[in-house]
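Novice: Before we start, here is the structure in question, set down as structure tokens.
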Amino acid sequence: MIELIPFINILFLIIFSFTIIIIKKDKIVKFMSLISNLAVFILSIFLLIQVLDNGTLLLNLGKSSSLLGIQFYVGPMEAVLSVVFTFVMLMILWFSYSSIENEISKSRISFFYILINLLLASLLGVIYSNDLFNSYVFIEVSTLSACGLIILKDKKENIKATIKYLIMSTIGSGLVLMAIAYVYSITGHLNISSINEVIISSYQNHNNAVLIILGLFTVGLGIKSAVFPLHSWLPDAHSSAPTPASAALSALVIKVYVFMLIKVLFRMFSYEIINDFIIMDIILLLGSMGMIFGSIMAIFQKELKRMVAYSSVAQMGYIVFGIGLGTVSGTAIAVYHIIGHAVTKSSLFLISGLFIEKTSSKKIEDLKGIGKEMPITLGLFTIGAFSMVGIPILPGFISKWYLSLTCIEVGRVPLILIILASSLLNVLYYFPIIINGYFGNENLEGKIYKSKKIELKRLMPVFLLVIAMILIGAFSSRLIDLF
Amino acid sequence: MEFIIENYYEVGAVILFGVGFVTLMLHSNLIKKIIGINIMDTAIFLFFISKGYILGKEAPIVTELSKTADNYINPVPSALMLTGIVVAVTTTAFALGLTIKLYKHYNTVDLEEILKIREES
Amino acid sequence: MIEKDMILKQIGKIIIPLVQLFGIYIIINGHLSPGGGFSGGAVLGTSFIIMNLIYGEKFVEKFISKKFFYKLIGFSIIFYAFVKAYSFLSDIYNLPHPIVGEPGNVFSGGFILYLNIALGILVASVFYIIFSIFIKKEV
Amino acid sequence: MDIFILIPVLLPIIAGFSLLVFKPNYNKRNLIVISTTIINLIFVLFVVILKKDTSFHIVRINEFLDLYFMPDNVGKIFAALVSTLWVFTVFYAIDYMGKNSNLNKFFMFFLITEGITIGIALSGNLITLYLFYELLTLSTFPLVIEKGSEKALQAGKKYLIYSFFGATMVLFGIILLFSQTQNLSFIPGGVIESMPISNPEFYLLIYLLLFLGFGVKAALVPFHSWLPSAMVAPTPVSSLLHAVAVVKSGIFALGRMTYYILGWEVIEYTGGNDYMLILVLITILMGSFLAIHQENLKKRLAYSTISQLGYIMLGLVIFENSSYLGGFLHMIFHATIKITLFFCVGAIMHYENKTELHEIEGIGKKMPKTMLSFTVASICLIGIPPMNGFVSKWFLAIGGLEKNNYIVPIILLLSALLTAAYLIPIITTAFFKGKPAHDVKVSEPNNFMLIPIIVLAAVNVILGFFPNAIITMIQIAASKLF
């Protein structure tokens, strides 16, 4: 019965999101979405224990043979990812109970919870599914629900951001579907593991077809996961969306597409094959450009949410850089950074949502002297910023450390300069906020101590996220050997 | 050269894909962009289904039971494309709805003008 | 609003039931002839839209109220999800299958028939709701 | 038993946070601050006496990231030095900072910095040292910008950028080092087993990165400009931090790195220390030259610190037993001398609020005791024989000669002259200029300030006459290395 958990997870979420359509009253809607999310979180913990005990779990739905039926492949990576994602979504939901009223009109709140449940269901679907077309359908569902989440605020810039996001991601999924068509034409299979067997034997004689497939997959998934040159939709979408939605978007949604890229690159094309294609150097180039230019653009931002959005573009650069290295440890670090960044970025977005709610302005200048008014919130923001910048013990530092170690293994020492340069750039745009928040007399006078305090009940989810971040930092070694 | 003549379906599909992609990129008018998306999607469906086509076999609709499996073309891509079509329709419906709302706010459908208006505001 | 003249009304009276019957036919033998839930639902949905165009909003309200359409969507999706889940589980734990008749007549497809019906209702109601939202400028 | 090592590190940090939480009023806060520093001194002395070397792992995340304390006698001496000077500075700071009670934040960071500096002293491997090194920047930053004025914020930002730049270079070096040897803990004679015949320039790169990275904090020439601009901070901060804690921890980390990580044979093989020798000599000369025509007293002392740090780095660059001894001795003596000088200048600023050289004419007659201890301390700094400055310079010169490169003693003599050139004018303007003695009223700073100044001046003199107690202790450490 245990091995059915991945299927039950997704089914549970879908059914709950649809029952919400029928029940329109907010109280019950909130309660139900909480139960469904909690149940899925507990189930994925069971799944993790199960996977840790007896290895990866293959679940064939539909036809027993793996040729046609939908197949769920749950390895250690997927199990840990699903636990972290469900935990982060739980915290975001908890946060949204208190802060959603003042961002979306009354009638739309039930839609918000439908879309959040659908989004989580499709994210878990993409993580688990071992079947290309099946993950394509889940990707589409997640894009549409993400667009729905952005549009809920129904203001001018929201619509423009959603249109831009929708068109860009339709291009992305179009390219991905084309790539799947090519893969199908070469191998005749849609199941990743069976494709792998065919490809290993016959990839020599399809050389440029394989190159096209890799190119299409990288660009298609790159657009959707906001890798550097293709990221133009991210800042508008994330800064105009309601806070819990933008937290979910930037912490979870863009990560799933990169994980899909990892599955395609390293599980469909195994490590040996992939390294003699030039695609790996292109990905490495994309990653390093993302790291540098993402941070540079973040420095010039005037609005808080746009700055945090640009910093997620930079962090995506780290993950893609990890993939580009092409070794097992490189991918392990990329996945570790996905987890570390998901927790840190969601807490940063939620906190910036609180700042905007209290100072009722998006600009960074108005955050001067915020430290006196909301000391605890800015304290949590500082811890998040420390992890981003890379103070030891926190996950940010650990992924930077291992990334540079793999760089040396691969023999590309100068690349470490890029990693360190980008962490320096991180300092340049995170620290002014903290410094102007806590210190400087002209920032502080005229501010009453703790006047805009956020009561602890609302701050609890952010608090738990920060603790989870420190834990992830602490147990990093066991996590990394797992992948 | 004979490769192109042999499987002209694939070549046609790729050209159509290029056309759709270009209309999507170049035109700043939103409606044209959505048309471009539809062209691109149909091109992909054509490419996918042409992969399943086996010369001299008929469509996989079972009318009388005598026929065995080997005189039908490969049904898997066409089955998959059913879902693909549904997905393409939903995205287009969503995009059209958004364009209408955008038109109401900016009363123009051209992205460049909208960008100019946003700069001024 | 389109003023409702006589000719349209009379033809509508004859055609709309036929269109609806045809839609239901497509849904029912979805697994035999081409079509099935999605296209059958589309036909059914358009018949409601024509009814709305010819006889106006209130007539359709009397027939099926908007709120009921929302309920219809919800229930049909949940029904679809449960039946599909049951079909997966029945494969794994080989629970009892619904009667699998010999191919060729209506009750031959096992689960597919029920799935098609649920899908048809769903698509029809979604078509109608999207149309009514667009028509009432509620976008 | 091993838990004892942790107390001197954690006690001040906890006390600091307690200040934030309880928000005590003026005299309750003074009580907490004084008691914490004194108790801390006792604990550190206890650790120093502890003969067998104990070690303690706080947390062991994975094979490279473990917080590990292992105090050997080099660390013990530095911790003892830091805690004793911290006690003096606390007395001085309480009087200097005055009555307003919203200084809890200041004293919180003040205590936390002490805990972190002792953490640096007692750390057992390079990663713990790096962590506390970075925390030191973060905890000293609020002290530098205590005034809150725009100028202070600018100086703070400059300080932050320099230190983070240095920290990144150090991180780069540590990563490269870690890729070669999986072990980062401090072992006398260095961690690298085999002599790097295959890739000497790789180790040269590591050595340069680590030296320059730590050099930023130790005010090495190209990265020294943050020190004078950080003089905008109140005197207890600038005296304690920029004469003792921050700068010396940079030097201490350099010493750890050269002798306990890379090992001096490896560095000598890669030839890294010759480049660094040139850089150090430039630091000594430039520091003294810049100090001569500095009008502001504190800036003058800041530049003199830069040149004196050059002396200590000399000991780290010439790999000789006596030069190591001389460098280490100078680190201790310079700390005590410089802190006295800063205290006197601070007393003048606080009571007469005069900061420029031409303003303090005849101050010697007004505050005879302070200026007297100032003269004593500057004599020690210049290195006139019986005083402690002379002892350390003597060993440095011998080390240089043993290495038989003659530039070192010449530079030492030249810069001793320059030190005299920028200290003597202060004494002359203070005593021999201005109105005659009898009609000037004597107004000494109150004894909260005066006692630390006089006691420290006396300590300098005593160390000058009986230095062999410290020399033997350093000799034990040096014997393991050479």
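In the structure tokens, the first chain shown is A, the next is B, and so on; residue numbers restart at 1 for each chain, and ligands run from 1 in the order shown.
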Taking a cut-off of 9 Å and counting only C-alpha atoms, can you build a table that, for each residue of chain B near chain A, reports the nearest atom pair and how far apart they are in Å (one decimal), sorted by chain then residue number, as JSON lines?
Specialist:
{"residue": "B:Phe21", "atom": "CA", "partner": "A:Ile171", "partner_atom": "CA", "distance": 8.0}
{"residue": "B:Leu24", "atom": "CA", "partner": "A:Ile171", "partner_atom": "CA", "distance": 8.6}
{"residue": "B:Leu30", "atom": "CA", "partner": "A:Ile163", "partner_atom": "CA", "distance": 8.9}
{"residue": "B:Lys33", "atom": "CA", "partner": "A:Ile167", "partner_atom": "CA", "distance": 8.0}
{"residue": "B:Ile34", "atom": "CA", "partner": "A:Ile167", "partner_atom": "CA", "distance": 7.9}
{"residue": "B:Ile37", "atom": "CA", "partner": "A:Ile171", "partner_atom": "CA", "distance": 7.3}
{"residue": "B:Met40", "atom": "CA", "partner": "A:Gly174", "partner_atom": "CA", "distance": 7.1}
{"residue": "B:Asp41", "atom": "CA", "partner": "A:Gly174", "partner_atom": "CA", "distance": 6.5}
{"residue": "B:Ile44", "atom": "CA", "partner": "A:Met178", "partner_atom": "CA", "distance": 5.8}
{"residue": "B:Phe45", "atom": "CA", "partner": "A:Met178", "partner_atom": "CA", "distance": 8.7}
{"residue": "B:Phe47", "atom": "CA", "partner": "A:Ala181", "partner_atom": "CA", "distance": 7.2}
{"residue": "B:Phe48", "atom": "CA", "partner": "A:Ala181", "partner_atom": "CA", "distance": 5.4}
{"residue": "B:Ile49", "atom": "CA", "partner": "A:Ala181", "partner_atom": "CA", "distance": 9.0}
{"residue": "B:Lys51", "atom": "CA", "partner": "A:Ser185", "partner_atom": "CA", "distance": 6.0}
{"residue": "B:Gly52", "atom": "CA", "partner": "A:Ser185", "partner_atom": "CA", "distance": 8.5}
{"residue": "B:Val76", "atom": "CA", "partner": "A:Leu68", "partner_atom": "CA", "distance": 8.6}
{"residue": "B:Pro77", "atom": "CA", "partner": "A:Ala181", "partner_atom": "CA", "distance": 8.8}
{"residue": "B:Leu80", "atom": "CA", "partner": "A:Phe133", "partner_atom": "CA", "distance": 7.8}
{"residue": "B:Thr83", "atom": "CA", "partner": "A:Val137", "partner_atom": "CA", "distance": 8.0}
{"residue": "B:Gly84", "atom": "CA", "partner": "A:Val137", "partner_atom": "CA", "distance": 8.1}
{"residue": "B:Val87", "atom": "CA", "partner": "A:Glu140", "partner_atom": "CA", "distance": 7.2}
{"residue": "B:Ala88", "atom": "CA", "partner": "A:Thr170", "partner_atom": "CA", "distance": 8.8}
{"residue": "B:Thr90", "atom": "CA", "partner": "A:Leu144", "partner_atom": "CA", "distance": 8.8}
{"residue": "B:Thr91", "atom": "CA", "partner": "A:Leu144", "partner_atom": "CA", "distance": 7.5}
{"residue": "B:Phe94", "atom": "CA", "partner": "A:Leu144", "partner_atom": "CA", "distance": 8.5}
{"residue": "B:Ala95", "atom": "CA", "partner": "A:Ile163", "partner_atom": "CA", "distance": 6.7}
{"residue": "B:Leu98", "atom": "CA", "partner": "A:Ile163", "partner_atom": "CA", "distance": 6.6}
{"residue": "B:Thr99", "atom": "CA", "partner": "A:Ile163", "partner_atom": "CA", "distance": 7.6}
{"residue": "B:Lys101", "atom": "CA", "partner": "A:Ile159", "partner_atom": "CA", "distance": 7.5}
{"residue": "B:Leu102", "atom": "CA", "partner": "A:Ile159", "partner_atom": "CA", "distance": 6.4}
{"residue": "B:His105", "atom": "CA", "partner": "A:Lys156", "partner_atom": "CA", "distance": 6.6}
{"residue": "B:Tyr106", "atom": "CA", "partner": "A:Lys156", "partner_atom": "CA", "distance": 8.4}
{"residue": "B:Leu111", "atom": "CA", "partner": "A:Lys160", "partner_atom": "CA", "distance": 8.9}
{"residue": "B:Ile114", "atom": "CA", "partner": "A:Lys160", "partner_atom": "CA", "distance": 8.5}
{"residue": "B:Arg118", "atom": "CA", "partner": "A:Glu157", "partner_atom": "CA", "distance": 8.5}
Novice: Looking only at the backbone, which of the residues in chain C does DSSP tag as helix (DSSP H, G or I), as a VMD selection string?
Specialist: chain C and resid 6 to 31 37 to 63 66 to 93 106 to 108 111 to 135
Novice: Give me the residues near Phe131 (chain C) as a ChimeraX atom specification, where near means some atom within 12 Å (using only C-alpha atoms) and where sequence neighbours in that chain fewer than 6 positions away do not count.
Specialist: /B:93,97 /C:45-53,57,66,124-125,137-139
Novice: Could you turn the residues from that selection into a file that holds N, CA, C and O atoms, as a PDB file, in the first residue's frame?
Specialist:
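Now in selection-v9.pdb:
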ATOM      1  N   ALA B  93      -7.473  29.925 -25.100  1.00  0.00           N
ATOM      2  CA  ALA B  93      -8.662  30.569 -24.482  1.00  0.00           C
ATOM      3  C   ALA B  93      -8.191  31.520 -23.388  1.00  0.00           C
ATOM      4  O   ALA B  93      -8.629  32.688 -23.311  1.00  0.00           O
ATOM      5  N   GLY B  97      -8.712  35.595 -23.315  1.00  0.00           N
ATOM      6  CA  GLY B  97      -9.393  36.282 -22.201  1.00  0.00           C
ATOM      7  C   GLY B  97      -8.525  37.424 -21.683  1.00  0.00           C
ATOM      8  O   GLY B  97      -8.981  38.558 -21.475  1.00  0.00           O
TER       9      GLY B  97
ATOM     10  N   GLY C  45     -22.409  21.655 -25.507  1.00  0.00           N
ATOM     11  CA  GLY C  45     -22.201  23.027 -25.013  1.00  0.00           C
ATOM     12  C   GLY C  45     -22.708  24.036 -26.015  1.00  0.00           C
ATOM     13  O   GLY C  45     -23.410  25.000 -25.665  1.00  0.00           O
ATOM     14  N   THR C  46     -22.376  23.813 -27.291  1.00  0.00           N
ATOM     15  CA  THR C  46     -22.832  24.784 -28.303  1.00  0.00           C
ATOM     16  C   THR C  46     -24.357  24.805 -28.367  1.00  0.00           C
ATOM     17  O   THR C  46     -24.962  25.871 -28.545  1.00  0.00           O
ATOM     18  N   SER C  47     -24.978  23.653 -28.126  1.00  0.00           N
ATOM     19  CA  SER C  47     -26.461  23.697 -28.180  1.00  0.00           C
ATOM     20  C   SER C  47     -26.964  24.628 -27.082  1.00  0.00           C
ATOM     21  O   SER C  47     -27.845  25.470 -27.298  1.00  0.00           O
ATOM     22  N   PHE C  48     -26.348  24.597 -25.906  1.00  0.00           N
ATOM     23  CA  PHE C  48     -26.786  25.526 -24.845  1.00  0.00           C
ATOM     24  C   PHE C  48     -26.524  26.958 -25.271  1.00  0.00           C
ATOM     25  O   PHE C  48     -27.348  27.856 -25.076  1.00  0.00           O
ATOM     26  N   ILE C  49     -25.389  27.160 -25.944  1.00  0.00           N
ATOM     27  CA  ILE C  49     -25.058  28.550 -26.332  1.00  0.00           C
ATOM     28  C   ILE C  49     -26.094  29.062 -27.316  1.00  0.00           C
ATOM     29  O   ILE C  49     -26.616  30.183 -27.185  1.00  0.00           O
ATOM     30  N   ILE C  50     -26.466  28.202 -28.281  1.00  0.00           N
ATOM     31  CA  ILE C  50     -27.490  28.645 -29.276  1.00  0.00           C
ATOM     32  C   ILE C  50     -28.776  28.979 -28.535  1.00  0.00           C
ATOM     33  O   ILE C  50     -29.405  30.014 -28.746  1.00  0.00           O
ATOM     34  N   MET C  51     -29.101  28.094 -27.561  1.00  0.00           N
ATOM     35  CA  MET C  51     -30.362  28.327 -26.820  1.00  0.00           C
ATOM     36  C   MET C  51     -30.297  29.705 -26.144  1.00  0.00           C
ATOM     37  O   MET C  51     -31.252  30.491 -26.212  1.00  0.00           O
ATOM     38  N   ASN C  52     -29.095  29.984 -25.570  1.00  0.00           N
ATOM     39  CA  ASN C  52     -28.955  31.287 -24.890  1.00  0.00           C
ATOM     40  C   ASN C  52     -29.123  32.404 -25.917  1.00  0.00           C
ATOM     41  O   ASN C  52     -29.838  33.385 -25.688  1.00  0.00           O
ATOM     42  N   LEU C  53     -28.510  32.240 -27.101  1.00  0.00           N
ATOM     43  CA  LEU C  53     -28.565  33.309 -28.109  1.00  0.00           C
ATOM     44  C   LEU C  53     -30.005  33.534 -28.560  1.00  0.00           C
ATOM     45  O   LEU C  53     -30.489  34.656 -28.616  1.00  0.00           O
ATOM     46  N   GLU C  57     -31.094  34.864 -21.956  1.00  0.00           N
ATOM     47  CA  GLU C  57     -30.458  34.347 -20.738  1.00  0.00           C
ATOM     48  C   GLU C  57     -31.499  33.671 -19.839  1.00  0.00           C
ATOM     49  O   GLU C  57     -31.283  32.551 -19.385  1.00  0.00           O
ATOM     50  N   LYS C  66     -27.230  28.931 -13.531  1.00  0.00           N
ATOM     51  CA  LYS C  66     -25.772  29.084 -13.611  1.00  0.00           C
ATOM     52  C   LYS C  66     -25.112  28.354 -12.434  1.00  0.00           C
ATOM     53  O   LYS C  66     -24.155  27.605 -12.604  1.00  0.00           O
ATOM     54  N   ALA C 124     -19.318  20.368 -21.632  1.00  0.00           N
ATOM     55  CA  ALA C 124     -20.505  21.145 -22.037  1.00  0.00           C
ATOM     56  C   ALA C 124     -20.692  22.317 -21.083  1.00  0.00           C
ATOM     57  O   ALA C 124     -20.779  23.487 -21.496  1.00  0.00           O
ATOM     58  N   SER C 125     -20.651  22.024 -19.757  1.00  0.00           N
ATOM     59  CA  SER C 125     -20.922  23.128 -18.805  1.00  0.00           C
ATOM     60  C   SER C 125     -19.805  24.170 -18.885  1.00  0.00           C
ATOM     61  O   SER C 125     -20.060  25.382 -18.853  1.00  0.00           O
ATOM     62  N   LYS C 137     -19.868  40.492 -20.338  1.00  0.00           N
ATOM     63  CA  LYS C 137     -18.797  41.491 -20.095  1.00  0.00           C
ATOM     64  C   LYS C 137     -18.260  41.364 -18.672  1.00  0.00           C
ATOM     65  O   LYS C 137     -17.749  42.322 -18.086  1.00  0.00           O
ATOM     66  N   GLU C 138     -18.390  40.214 -18.097  1.00  0.00           N
ATOM     67  CA  GLU C 138     -17.893  40.073 -16.711  1.00  0.00           C
ATOM     68  C   GLU C 138     -16.373  39.804 -16.710  1.00  0.00           C
ATOM     69  O   GLU C 138     -15.782  39.639 -15.688  1.00  0.00           O
ATOM     70  N   VAL C 139     -15.759  39.819 -17.862  1.00  0.00           N
ATOM     71  CA  VAL C 139     -14.386  39.287 -17.945  1.00  0.00           C
ATOM     72  C   VAL C 139     -13.464  40.015 -16.978  1.00  0.00           C
ATOM     73  O   VAL C 139     -13.594  41.237 -16.834  1.00  0.00           O
TER      74      VAL C 139
END
Novice: For the atom pair CA of Leu412 (chain D) and CA of Val221 (chain D), what is the interatomic distance in Å to one decimal place?
Specialist: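 Separating CA of Leu412 (chain D) from CA of Val221 (chain D) is a distance of 17.0 Å.
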Novice: Using only C-alpha atoms, which of B:Ser78, B:Pro60, B:Val22, B:Ile85 sits nearest Thr42 (chain B)?
Specialist: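 Closest candidate: B:Ile85.
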Novice: Please provide the set of residues having any atom within 8 Å of region 80-89 of chain D, restricted to only C-alpha atoms, with same-chain residues fewer than 5 positions apart removed, written as a VMD selection string.
Specialist: chain D and resid 34 37 to 38 40 to 41 44 to 45 48 114 117 to 118 236 240 244 to 245 332 336 452
Novice: Could you list, as JSON, numbers by chain, the residues of chain A having an atom within 9 Å of chain D when counting only C-alpha atoms?
Specialist: {"A": [391, 392, 393, 398, 401, 402, 404, 405, 408, 409, 413, 416, 417, 420, 421, 423, 424, 427, 428, 432, 435, 439, 440, 441, 442, 443, 473, 474, 475, 476, 477, 478]}
Novice: Given the selection you just returned, output its residues as a file containing C-alpha atoms, formatted as a PDB file, in the first residue's frame.
Specialist:
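See part_22.pdb below for the written result:
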ATOM      1  CA  ILE A 391      28.009  32.958   5.796  1.00  0.00           C
ATOM      2  CA  PRO A 392      29.315  29.520   6.864  1.00  0.00           C
ATOM      3  CA  ILE A 393      26.955  26.907   8.398  1.00  0.00           C
ATOM      4  CA  ILE A 398      27.676  24.981   1.709  1.00  0.00           C
ATOM      5  CA  TRP A 401      31.676  25.504  -1.193  1.00  0.00           C
ATOM      6  CA  TYR A 402      30.821  22.207  -2.884  1.00  0.00           C
ATOM      7  CA  SER A 404      33.795  25.274  -6.155  1.00  0.00           C
ATOM      8  CA  LEU A 405      35.129  21.868  -5.082  1.00  0.00           C
ATOM      9  CA  ILE A 408      38.396  21.989  -9.128  1.00  0.00           C
ATOM     10  CA  GLU A 409      37.559  18.303  -9.721  1.00  0.00           C
ATOM     11  CA  VAL A 413      39.620  26.547 -11.484  1.00  0.00           C
ATOM     12  CA  ILE A 416      35.494  29.663  -8.827  1.00  0.00           C
ATOM     13  CA  LEU A 417      36.182  33.352  -9.375  1.00  0.00           C
ATOM     14  CA  LEU A 420      32.889  34.174  -5.380  1.00  0.00           C
ATOM     15  CA  ALA A 421      32.352  37.325  -7.458  1.00  0.00           C
ATOM     16  CA  SER A 423      28.451  36.072  -3.808  1.00  0.00           C
ATOM     17  CA  LEU A 424      30.228  39.430  -3.392  1.00  0.00           C
ATOM     18  CA  VAL A 427      26.423  41.386  -0.503  1.00  0.00           C
ATOM     19  CA  LEU A 428      26.057  44.630  -2.477  1.00  0.00           C
ATOM     20  CA  PRO A 432      22.256  48.116   2.254  1.00  0.00           C
ATOM     21  CA  ILE A 435      22.311  48.483   7.257  1.00  0.00           C
ATOM     22  CA  PHE A 439      21.690  51.615  11.827  1.00  0.00           C
ATOM     23  CA  GLY A 440      22.191  55.241  10.853  1.00  0.00           C
ATOM     24  CA  ASN A 441      20.628  58.016  12.978  1.00  0.00           C
ATOM     25  CA  GLU A 442      18.867  59.913  10.256  1.00  0.00           C
ATOM     26  CA  ASN A 443      17.200  56.645   9.236  1.00  0.00           C
ATOM     27  CA  GLY A 473      22.477  23.768   6.595  1.00  0.00           C
ATOM     28  CA  ALA A 474      23.236  21.541   9.546  1.00  0.00           C
ATOM     29  CA  PHE A 475      22.335  18.201   7.950  1.00  0.00           C
ATOM     30  CA  SER A 476      23.875  19.073   4.631  1.00  0.00           C
ATOM     31  CA  SER A 477      26.359  16.205   4.536  1.00  0.00           C
ATOM     32  CA  ARG A 478      23.757  13.482   4.893  1.00  0.00           C
TER      33      ARG A 478
END
Novice: Compare A:Asn60, A:Ser33, A:Asn191, A:Ser44 by their minimum atom-to-atom distance to chain C, counting only C-alpha atoms, and give me the closest one.
Specialist: A:Asn60
Novice: Within 12 Å of Val198 (chain A), counting only C-alpha atoms, which residues qualify if same-chain residues fewer than 3 places away don't, as a list in words?
Specialist: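 Returned residues: Val183, Tyr184, Ser185, Ile186, Thr187, Gly188, His189, Leu190, Asn191, Ile192, Ser193, Ser194, Ile195, Ser201, Ser202, Tyr203, Gln204, Asn205, His206, Met268, Phe269 and Ser270 of chain A.
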Novice: For Lys105 (chain D), please output as a list in words all residues within 12 Å (counting only C-alpha atoms; exclusion window: fewer than 2 positions along the same chain).
Specialist: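 Within the cut-off, the hits are Tyr438 and Phe439 of chain A; Gly16, Phe17, Ser18, Leu19, Leu20, Val21, Phe22, Lys23, Pro24, Arg29, Ser101, Asn102, Leu103, Phe107, Met108, Phe109, Phe110, Leu111, Ile112, Ser139, Thr140, Pro142, Leu143, Ile145 and Glu146 of chain D.
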Novice: Quick check: residues of chain A within 7 Å of chain C, only C-alpha atoms, returned as a PyMOL selection string.
Specialist: chain A and resi 15+18-19+21-22+61-62
Novice: Next, the residues of the selection above should be written as an mmCIF file, in the first residue's frame with C-alpha atoms.
Specialist:
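Saved file again-v9.cif follows:
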data_model
loop_
_atom_site.group_PDB
_atom_site.id
_atom_site.type_symbol
_atom_site.label_atom_id
_atom_site.label_comp_id
_atom_site.auth_asym_id
_atom_site.auth_seq_id
_atom_site.Cartn_x
_atom_site.Cartn_y
_atom_site.Cartn_z
ATOM 1 C CA ILE A 15 -9.804 16.018 -5.583
ATOM 2 C CA PHE A 18 -12.118 20.427 -7.101
ATOM 3 C CA THR A 19 -14.309 19.998 -4.068
ATOM 4 C CA ILE A 21 -15.135 24.668 -6.414
ATOM 5 C CA ILE A 22 -18.383 23.482 -4.961
ATOM 6 C CA LEU A 61 -0.214 2.858 -13.032
ATOM 7 C CA GLY A 62 -2.449 1.558 -15.738
#
Novice: Given the choices B:Ile35, B:Ile61, B:Val14, B:Val89, which gets closest to chain C if the distance is worked out from only C-alpha atoms?
Specialist: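 Using only C-alpha atoms, the shortest distance to chain C belongs to B:Ile61.
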Novice: Quick one: everything within 12 Å of Ser39 (chain C), counting only C-alpha atoms, minus sequence neighbours fewer than 4 positions away in the same chain. Send it as a list in words.
Specialist: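 Near Ser39 (chain C), the qualifying residues are Leu82, Ile85 and Val86 of chain B; Phe22, Gly23, Ile24, Tyr25, Ile26, Ile27, Ile28, Asn29, Gly30, Ser33, Pro34, Gly35, Val43, Leu44, Gly45, Thr46, Asn116, Ile117, Leu119, Gly120, Ile121, Leu122, Val123, Ala124 and Phe127 of chain C.
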